[in-house]
Amino acid sequence: MRTPRTIAVVAHQRKNLGGGLDELRRLLTGRDVEKLLWFEVPKSRKAPKKVRKAVRAGVDLLVVWGGDGMVQRTLDVLASEKGGSKIPVAIMPAGTGNLLAGNLGVPTDLEKAVDIAFTGERRRYDLGRLGGEHFAVMAGVGFDGAMIKDADGALKDRLGKLAYVWTGLRHVNGEAPHATIRIDGNDWFDGEASCVLIGNVGTITGGIHAFDDASPDDGWLDVGVATAQNALQWARALGTMAVSRSDHSPFVRTTRARRIDVTLASKLEYELDGGARAKTKKFTAEIVPAAVQICVPAAEETS
């Protein structure tokens, strides 16, 4: 594989990994690189403008430093901008959950992550699209969306993954809204749903393996509905996920689809890859096959 000659770094200033951004710069400039474009942002929502600059510059490699929010914002731009999908992305997993990186085998070791950027495989992966935005890990509404919203910010910075557990316990006894779900144009679910999840990968928030057969390059989105409404039922559902398949729980239904239409009886916040979004009563999610190219460990490293 040809060494990238022009590299762009888009980094979240508040995230850290290894020796930090100074070490990242040292590791990158230690390679045979001609030009290094460097962009730092204070929040993930500031990243898209910088990513667009990198696309216009025609970089050979885009390095994204941060958590799933930074990765989602970056991949959304690349999947939307002309020529963006041709630029390979190297993830430096400096966030709290690092769910996409973890699902793809990218380690939370800065030197190894940089090595994957230069010597790993470049594979094409699907994205989901909801509300005009692309997501790489999951979209959710209900229990999950409320949990993400309350766990955002300082609490997540202090507690990490435990923030999701802490805030989740505050929502498990909430009233489950009525939901109707259509899968590829066909009626599939009509009833009370405490959580609706749409996944592109198997492992989601808090390390929960929600979708046993999910793969980010199979051309499908996986769909899950949880009907658990109190702490005991959620404990049973999560316990089943821990020791068996998630769809073996009486409180969980799963399937796969290319298009999912969800209608709720009341407005709820939804989330994309760990980031809270606006309240909504209706949304449609659909698969975007082979939307982006991501650097991952070589096959012999993961076998």
# chains A, B, ... in the order shown; residues from 1 in each chain; ligands from 1
>>> residues_around(residues="Pro88 in chain A", least_positions_apart="3", cutoff="6 Å", atoms="only C-alpha atoms", output="PyMOL selection string")
chain A and resi 61+293-294
>>> write_last_selection(atoms="N, CA and C atoms", output="mmCIF file, in the first residue's frame")
data_model
loop_
_atom_site.group_PDB
_atom_site.id
_atom_site.type_symbol
_atom_site.label_atom_id
_atom_site.label_comp_id
_atom_site.auth_asym_id
_atom_site.auth_seq_id
_atom_site.Cartn_x
_atom_site.Cartn_y
_atom_site.Cartn_z
ATOM 1 N N LEU A 61 -5.289 10.688 3.362
ATOM 2 C CA LEU A 61 -5.697 9.997 4.584
ATOM 3 C C LEU A 61 -6.246 11.036 5.553
ATOM 4 N N GLN A 293 -14.648 4.430 3.723
ATOM 5 C CA GLN A 293 -13.480 3.548 3.771
ATOM 6 C C GLN A 293 -12.729 3.806 5.083
ATOM 7 N N ILE A 294 -12.482 2.754 5.857
ATOM 8 C CA ILE A 294 -11.876 2.900 7.183
ATOM 9 C C ILE A 294 -10.665 1.966 7.300
#
>>> residues_around(residues="Gly132 in chain A", least_positions_apart="2", cutoff="12 Å", atoms="only C-alpha atoms", output="VMD selection string")
chain A and resid 76 to 77 79 to 80 128 to 130 134 to 135 272 283 to 286 288
>>> residues_around(residues="range 49-55 of chain A", least_positions_apart="5", cutoff="8 Å", atoms="only C-alpha atoms", output="JSON, numbers by chain")
{"A": [8, 10, 37, 39, 62, 74, 77, 78, 81, 83, 84, 87]}
>>> closest_residue(among="A:Val223, A:Ala278, A:Val137, A:Leu104", to="Ala299 in chain A", atoms="only C-alpha atoms")
A:Leu104
>>> closest_residue(among="A:Asp126, A:Asp273, A:Glu192, A:Glu40", to="Gly97 in chain A", atoms="only C-alpha atoms")
A:Asp273
>>> closest_residue(among="A:Leu100, A:Ala139, A:Ala117, A:Ile7", to="Glu269 in chain A", atoms="only C-alpha atoms")
A:Ala139
>>> atom_distance(atom1="CA of Tyr125 in chain A", atom2="CA of Asn200 in chain A")
9.5 Å
>>> residues_around(residues="Leu221 in chain A", least_positions_apart="3", cutoff="9 Å", atoms="only C-alpha atoms", output="NGL selection string")
:A and (126-128 or 198-201 or 214-216 or 218 or 255-260 or 285-287)
>>> write_last_selection(atoms="C-alpha atoms", output="compact mmCIF listing (two decimals), in the first residue's frame")
# COMPACT_ATOMS: atom_id res chain seq x y z
CA ASP A 126 -21.94 0.60 5.52
CA LEU A 127 -23.52 3.53 7.34
CA GLY A 128 -27.06 4.14 8.45
CA ILE A 198 -31.14 0.43 15.06
CA GLY A 199 -27.62 -0.97 14.87
CA ASN A 200 -24.90 -1.17 12.26
CA VAL A 201 -22.60 -3.17 14.57
CA ALA A 214 -24.78 -7.60 12.93
CA SER A 215 -21.93 -6.73 10.58
CA PRO A 216 -21.06 -3.24 9.30
CA ASP A 218 -23.39 -6.80 5.13
CA THR A 255 -34.74 -8.37 12.91
CA ARG A 256 -32.83 -6.78 10.04
CA ALA A 257 -33.85 -4.34 7.34
CA ARG A 258 -32.73 -1.90 4.72
CA ARG A 259 -35.37 0.66 5.72
CA ILE A 260 -37.06 1.18 9.07
CA ALA A 285 -33.58 5.00 8.98
CA GLU A 286 -32.03 3.36 5.94
CA ILE A 287 -28.81 1.60 5.03
>>> closest_residue(among="A:Pro177, A:Gly202, A:Gly58, A:Gly66", to="Arg45 in chain A", atoms="only C-alpha atoms")
A:Gly66
>>> select_by_dssp(residues="range 13-157 of chain A", states="helix (DSSP H, G or I)", output="PyMOL selection string")
chain A and resi 20-29+44-56+68-80+84-86+99-104+110-119+143-151+154-157
>>> closest_residue(among="A:Arg182, A:His12, A:Arg31, A:Lys282", to="Met92 in chain A", atoms="only C-alpha atoms")
A:His12
>>> atom_distance(atom1="CA of Asp68 in chain A", atom2="CA of Lys46 in chain A")
14.2 Å
>>> atom_distance(atom1="CA of Thr96 in chain A", atom2="CA of Val225 in chain A")
25.2 Å
>>> select_by_dssp(residues="range 41-112 of chain A", states="strand (DSSP E or B)", output="PyMOL selection string")
chain A and resi 41+61-66+88-93
>>> write_last_selection(atoms="N, CA and C atoms", output="compact mmCIF listing (two decimals), in the first residue's frame")
# COMPACT_ATOMS: atom_id res chain seq x y z
N VAL A 41 -10.64 21.02 17.25
CA VAL A 41 -11.95 21.60 17.53
C VAL A 41 -12.29 21.38 19.00
N LEU A 61 -5.29 10.69 3.36
CA LEU A 61 -5.70 10.00 4.58
C LEU A 61 -6.25 11.04 5.55
N LEU A 62 -7.35 10.69 6.21
CA LEU A 62 -7.94 11.56 7.23
C LEU A 62 -7.88 10.84 8.57
N VAL A 63 -7.19 11.45 9.52
CA VAL A 63 -7.06 10.89 10.86
C VAL A 63 -8.03 11.62 11.78
N VAL A 64 -8.94 10.89 12.42
CA VAL A 64 -9.90 11.51 13.33
C VAL A 64 -9.59 11.08 14.75
N TRP A 65 -9.44 12.08 15.62
CA TRP A 65 -9.05 11.88 17.02
C TRP A 65 -10.24 12.25 17.90
N GLY A 66 -10.75 11.27 18.64
CA GLY A 66 -11.88 11.55 19.52
C GLY A 66 -12.72 10.31 19.75
N PRO A 88 -9.67 7.41 2.83
CA PRO A 88 -9.67 6.48 3.96
C PRO A 88 -9.57 7.23 5.29
N VAL A 89 -10.23 6.68 6.31
CA VAL A 89 -10.27 7.28 7.64
C VAL A 89 -9.54 6.38 8.63
N ALA A 90 -8.65 6.99 9.40
CA ALA A 90 -7.97 6.28 10.48
C ALA A 90 -8.50 6.81 11.81
N ILE A 91 -9.03 5.92 12.64
CA ILE A 91 -9.63 6.33 13.91
C ILE A 91 -8.60 6.23 15.03
N MET A 92 -8.42 7.34 15.76
CA MET A 92 -7.62 7.34 16.99
C MET A 92 -8.63 7.36 18.13
N PRO A 93 -8.93 6.22 18.76
CA PRO A 93 -10.05 6.12 19.71
C PRO A 93 -9.75 6.78 21.05
>>> closest_residue(among="A:Asp109, A:Glu271, A:Glu34, A:Glu133", to="Ala94 in chain A", atoms="only C-alpha atoms")
A:Asp109
>>> residues_around(residues="Gly102 in chain A", least_positions_apart="3", cutoff="10 Å", atoms="only C-alpha atoms", output="list in words")
Pro93, Gly97, Asn98, Leu99, Gly105, Val106, Pro107, Thr108, Thr203, Ile204 and Gly207 of chain A
